Amino acid sequence: MDIHTIGKNIKFYRTLKGLTQNDLAEGICTQAQISNIEAGKFIPLSTTLFEISRRLGVDMTHFFHEASNPRYDYIQDFIQDVRKQTVNRNYKEVYELILAEEKNPLFESVDLKQFILWHKGLSLAYISTNYEEALKMLFNALNLTYKGKDGYSQEEIQILNAIGIVYDLSGKPETSVEIYERAIHGTSTIPQLNPRIKVRVYYNYAKAVKSLGDFAKSIELSEKGIQLCIENELLYLLGECLYQKGYCLLLTNQYKQGEKHINDAIHLFNIEGKKRLAEIADKQKKEAIG
C-alpha cells in the first residue's frame with residue numbers, strides 16, 4: 001500500500017471539492033492528522049478513510065490509484081488558480097485559464113470536466129452577455145453527475161448557485177429565486193455540508209429577492225448568511241452579507257441599523273483588501289441616507 005499515493009489523492013479530491021483541511025477533518029479527526037495523511041506520513045485507519053471518502057463524495061478505491069490523477073501537481077495548481085481567480089472575481093483570467101486547458105487530455109475525468117464546464121459557464125456570463133451559452137454550459141456541468149434522485153452533491157449545489165447567478169445577471173431574478181430555493185432545499189440532505197457553500201447561496205438569493213423589491217426577505221436571507229458565518233467563524237462573505245442586509249435596511253428607512261451594518265461591512269472589506277467593495281458600499285450608503 002503506497003501511503004504517498006493515498007495522501008496525494010486525498011489532497012487532490014479535497015482541493016477539487018474546495019475544502020480546507022479543517023473542513024475535511026471536522027467530525028472525523030484533527031486537522032493535523034489530515035495534514036500528516038496528505039504528506040504521506042502515515043496510513044489512516046480504514047474507518048477514518050471511509051469517513052474521509054464519504055466527506056469527499058468518492059469511493060475509497062480512488063485513493064489507491066495513482067492513474068486516477070496523472071500529473072497530479074499540474075492539475076492541482078490549475079484548480080487552485082481557477083478558484084483563486086474566481087474568489088477575486090477575475091473572471092477574464094478564469095475564462096482564459098479554462099480555454100488554455102479544456103482540451104488537455106489530463107482533464108478527461110467526469111469530476112474535472114464538470115469543474116471546467118462550471119467555471120467556464122460562470123466566467124462567460126460575467127465577461128459577456130452570452131447568458132444562453134453560459135447557462136447551457138452550467139446545465140451540462142450539472143447533468144454530468146445529477147441523476148434527479150438522492151439529492152444534490154456539494155458540487156451540484158454550487159453549480160445551481162452559479163445558474164442562479166446567471167439568471168439574475170440576465171434580468172430573470174424570478175427564475176434565479178426558484179433555483180436558489182432548490183439549492184437551499186438541497187443543502188438539507190447533505191451531511192456535514194461545507195458552510196461556505198450555504199452562505200454563498202444565501203447571499204446570492206438575498207441579492208435576487210432584493211432585485212424583486214422584497215427587501216424584508218433579503219434582510220432575512222442576509223441574516224441567515226451572517227449567522228452561518230458567525231457560527232462557523234467564517235470571514236468568507238460576512239462583509240457581503242452585512243452589506244446586503246444593511247443596504248436593504250436603509251431602503252426600508254431603518255437608517256441607524258442599516259448604517260451600522262454597512263459600516264461593519266466596510267471595515268471587513270478593508271481588512272480583506274476589498275477596497276473596491278468598500279468604496280461601493282460607502283458610496284451607496286451615502287446615497288441612500290442622502
# chains A, B, ... in the order shown; residues from 1 in each chain; ligands from 1

call {"tool": "residues_around", "arguments": {"residues": "A:His62", "least_positions_apart": "6", "cutoff": "12 Å", "atoms": "only C-alpha atoms", "output": "PDB file with N, CA and C atoms, in the first residue's frame"}}
result
ATOM      1  N   THR A   5       0.605   7.732  -2.277  1.00  0.00           N
ATOM      2  CA  THR A   5      -0.498   7.778  -3.239  1.00  0.00           C
ATOM      3  C   THR A   5      -1.809   8.120  -2.539  1.00  0.00           C
ATOM      4  N   ILE A   6      -2.053   7.485  -1.383  1.00  0.00           N
ATOM      5  CA  ILE A   6      -3.276   7.764  -0.622  1.00  0.00           C
ATOM      6  C   ILE A   6      -3.326   9.246  -0.242  1.00  0.00           C
ATOM      7  N   GLY A   7      -2.241   9.743   0.320  1.00  0.00           N
ATOM      8  CA  GLY A   7      -2.205  11.142   0.739  1.00  0.00           C
ATOM      9  C   GLY A   7      -2.379  12.113  -0.412  1.00  0.00           C
ATOM     10  N   LYS A   8      -1.716  11.852  -1.524  1.00  0.00           N
ATOM     11  CA  LYS A   8      -1.823  12.734  -2.696  1.00  0.00           C
ATOM     12  C   LYS A   8      -3.243  12.760  -3.231  1.00  0.00           C
ATOM     13  N   ASN A   9      -3.879  11.594  -3.274  1.00  0.00           N
ATOM     14  CA  ASN A   9      -5.244  11.537  -3.811  1.00  0.00           C
ATOM     15  C   ASN A   9      -6.254  12.196  -2.882  1.00  0.00           C
ATOM     16  N   ILE A  10      -6.073  12.044  -1.578  1.00  0.00           N
ATOM     17  CA  ILE A  10      -6.954  12.735  -0.634  1.00  0.00           C
ATOM     18  C   ILE A  10      -6.816  14.239  -0.816  1.00  0.00           C
ATOM     19  N   LYS A  11      -5.589  14.717  -0.931  1.00  0.00           N
ATOM     20  CA  LYS A  11      -5.367  16.156  -1.134  1.00  0.00           C
ATOM     21  C   LYS A  11      -5.963  16.618  -2.453  1.00  0.00           C
ATOM     22  N   PHE A  12      -5.820  15.781  -3.493  1.00  0.00           N
ATOM     23  CA  PHE A  12      -6.357  16.119  -4.813  1.00  0.00           C
ATOM     24  C   PHE A  12      -7.870  16.315  -4.754  1.00  0.00           C
ATOM     25  N   TYR A  13      -8.593  15.340  -4.174  1.00  0.00           N
ATOM     26  CA  TYR A  13     -10.056  15.432  -4.133  1.00  0.00           C
ATOM     27  C   TYR A  13     -10.514  16.516  -3.158  1.00  0.00           C
ATOM     28  N   LEU A  49     -10.544   6.469   6.859  1.00  0.00           N
ATOM     29  CA  LEU A  49     -10.509   6.598   5.399  1.00  0.00           C
ATOM     30  C   LEU A  49     -11.914   6.541   4.815  1.00  0.00           C
ATOM     31  N   PHE A  50     -12.769   5.690   5.406  1.00  0.00           N
ATOM     32  CA  PHE A  50     -14.154   5.590   4.942  1.00  0.00           C
ATOM     33  C   PHE A  50     -14.891   6.919   5.151  1.00  0.00           C
ATOM     34  N   ILE A  52     -13.557   9.896   5.430  1.00  0.00           N
ATOM     35  CA  ILE A  52     -12.964  10.885   4.519  1.00  0.00           C
ATOM     36  C   ILE A  52     -13.563  10.731   3.127  1.00  0.00           C
ATOM     37  N   SER A  53     -13.699   9.475   2.681  1.00  0.00           N
ATOM     38  CA  SER A  53     -14.259   9.233   1.348  1.00  0.00           C
ATOM     39  C   SER A  53     -15.704   9.699   1.269  1.00  0.00           C
ATOM     40  N   ARG A  54     -16.472   9.512   2.350  1.00  0.00           N
ATOM     41  CA  ARG A  54     -17.867   9.998   2.377  1.00  0.00           C
ATOM     42  C   ARG A  54     -17.909  11.514   2.309  1.00  0.00           C
ATOM     43  N   LEU A  56     -15.752  13.473   0.980  1.00  0.00           N
ATOM     44  CA  LEU A  56     -15.315  13.920  -0.344  1.00  0.00           C
ATOM     45  C   LEU A  56     -16.233  13.445  -1.468  1.00  0.00           C
ATOM     46  N   SER A  68      -5.448   7.522 -11.404  1.00  0.00           N
ATOM     47  CA  SER A  68      -6.678   8.320 -11.398  1.00  0.00           C
ATOM     48  C   SER A  68      -6.400   9.803 -11.554  1.00  0.00           C
ATOM     49  N   ASN A  69      -5.193  10.239 -11.284  1.00  0.00           N
ATOM     50  CA  ASN A  69      -4.866  11.646 -11.470  1.00  0.00           C
ATOM     51  C   ASN A  69      -3.415  11.848 -11.912  1.00  0.00           C
TER      52      ASN A  69
END

call {"tool": "residues_around", "arguments": {"residues": "stretch 83-100 of chain A", "least_positions_apart": "5", "cutoff": "7 Å", "atoms": "only C-alpha atoms", "output": "list in words"}}
result
Ile116, Lys120, Ser123, Leu124, Tyr126 and Ile127 of chain A

call {"tool": "closest_residue", "arguments": {"among": "A:Gly290, A:Gly27, A:Gly273, A:Gly225", "to": "A:Leu251", "atoms": "only C-alpha atoms"}}
result
A:Gly290

call {"tool": "residues_around", "arguments": {"residues": "A:His4", "least_positions_apart": "3", "cutoff": "12 Å", "atoms": "only C-alpha atoms", "output": "list in words"}}
result
Met1, Gly7, Lys8, Asn9, Ile10, Lys11, Asn36, Ile37, Glu38, Ala39, Gly40, Lys41, Phe42, Ile43, Pro44, Phe63, Phe64, His65 and Glu66 of chain A

call {"tool": "write_last_selection", "arguments": {"atoms": "N, CA and C atoms", "output": "short mmCIF file (atom, residue, chain, number, x, y, z; two decimals), in the first residue's frame"}}
result
data_model
loop_
_atom_site.label_atom_id
_atom_site.label_comp_id
_atom_site.auth_asym_id
_atom_site.auth_seq_id
_atom_site.Cartn_x
_atom_site.Cartn_y
_atom_site.Cartn_z
N MET A 1 0.85 -1.19 0.00
CA MET A 1 0.00 0.00 0.00
C MET A 1 0.89 1.24 0.00
N GLY A 7 -2.24 9.74 0.32
CA GLY A 7 -2.21 11.14 0.74
C GLY A 7 -2.38 12.11 -0.41
N LYS A 8 -1.72 11.85 -1.52
CA LYS A 8 -1.82 12.73 -2.70
C LYS A 8 -3.24 12.76 -3.23
N ASN A 9 -3.88 11.59 -3.27
CA ASN A 9 -5.24 11.54 -3.81
C ASN A 9 -6.25 12.20 -2.88
N ILE A 10 -6.07 12.04 -1.58
CA ILE A 10 -6.95 12.74 -0.63
C ILE A 10 -6.82 14.24 -0.82
N LYS A 11 -5.59 14.72 -0.93
CA LYS A 11 -5.37 16.16 -1.13
C LYS A 11 -5.96 16.62 -2.45
N ASN A 36 -0.91 15.27 8.04
CA ASN A 36 0.06 14.17 8.04
C ASN A 36 -0.30 13.09 7.04
N ILE A 37 -1.60 12.81 6.90
CA ILE A 37 -2.04 11.81 5.91
C ILE A 37 -1.69 12.29 4.51
N GLU A 38 -2.00 13.56 4.22
CA GLU A 38 -1.73 14.10 2.89
C GLU A 38 -0.23 14.14 2.59
N ALA A 39 0.57 14.33 3.64
CA ALA A 39 2.02 14.36 3.46
C ALA A 39 2.64 12.97 3.36
N GLY A 40 1.79 11.93 3.51
CA GLY A 40 2.28 10.56 3.39
C GLY A 40 3.05 10.09 4.61
N LYS A 41 2.75 10.66 5.78
CA LYS A 41 3.49 10.28 6.98
C LYS A 41 2.94 9.05 7.66
N PHE A 42 1.64 8.76 7.47
CA PHE A 42 1.08 7.51 7.98
C PHE A 42 -0.20 7.17 7.25
N ILE A 43 -0.60 5.91 7.35
CA ILE A 43 -1.83 5.42 6.72
C ILE A 43 -2.98 5.57 7.71
N PRO A 44 -4.08 6.18 7.32
CA PRO A 44 -5.21 6.32 8.24
C PRO A 44 -5.90 4.98 8.49
N PHE A 63 -8.57 6.43 -3.73
CA PHE A 63 -7.38 6.87 -3.01
C PHE A 63 -6.16 6.00 -3.29
N PHE A 64 -6.39 4.82 -3.87
CA PHE A 64 -5.28 3.88 -4.04
C PHE A 64 -4.73 3.83 -5.46
N HIS A 65 -5.34 4.60 -6.39
CA HIS A 65 -4.94 4.51 -7.79
C HIS A 65 -4.18 5.75 -8.24
N GLU A 66 -2.91 5.58 -8.47
CA GLU A 66 -2.09 6.69 -8.98
C GLU A 66 -2.59 7.13 -10.35
#

call {"tool": "residues_around", "arguments": {"residues": "stretch 146-158 of chain A", "least_positions_apart": "3", "cutoff": "6 Å", "atoms": "only C-alpha atoms", "output": "PyMOL selection string"}}
result
chain A and resi 142-143+161+183+186

call {"tool": "write_last_selection", "arguments": {"atoms": "C-alpha atoms", "output": "PDB file, in the first residue's frame"}}
result
ATOM      1  CA  LEU A 142     -24.852  19.738 -13.569  1.00  0.00           C
ATOM      2  CA  ASN A 143     -26.141  16.866 -15.692  1.00  0.00           C
ATOM      3  CA  ASN A 161     -25.819  28.653  -7.294  1.00  0.00           C
ATOM      4  CA  ALA A 183     -30.273  24.832  -3.805  1.00  0.00           C
ATOM      5  CA  GLY A 186     -30.825  20.545  -1.461  1.00  0.00           C
TER       6      GLY A 186
END

call {"tool": "closest_residue", "arguments": {"among": "A:Ile79, A:Leu238, A:Ile179, A:Val209", "to": "A:Phe107", "atoms": "only C-alpha atoms"}}
result
A:Ile79

call {"tool": "closest_residue", "arguments": {"among": "A:Leu242, A:Ser176, A:Ile266, A:Asn232", "to": "A:Asn22", "atoms": "only C-alpha atoms"}}
result
A:Asn232

call {"tool": "closest_residue", "arguments": {"among": "A:Tyr74, A:Tyr203, A:Tyr180, A:Phe269", "to": "A:Leu228", "atoms": "only C-alpha atoms"}}
result
A:Tyr203

call {"tool": "select_by_dssp", "arguments": {"residues": "stretch 181-281 of chain A", "states": "helix (DSSP H, G or I)", "output": "ChimeraX atom specification"}}
result
/A:181-187,195-211,215-231,238-251,255-271,275-281

call {"tool": "closest_residue", "arguments": {"among": "A:Thr47, A:Thr252, A:Thr20, A:Thr189", "to": "A:Ala216", "atoms": "only C-alpha atoms"}}
result
A:Thr252

call {"tool": "closest_residue", "arguments": {"among": "A:Thr129, A:Ser46, A:Asn104, A:Gln114", "to": "A:Leu144", "atoms": "only C-alpha atoms"}}
result
A:Gln114
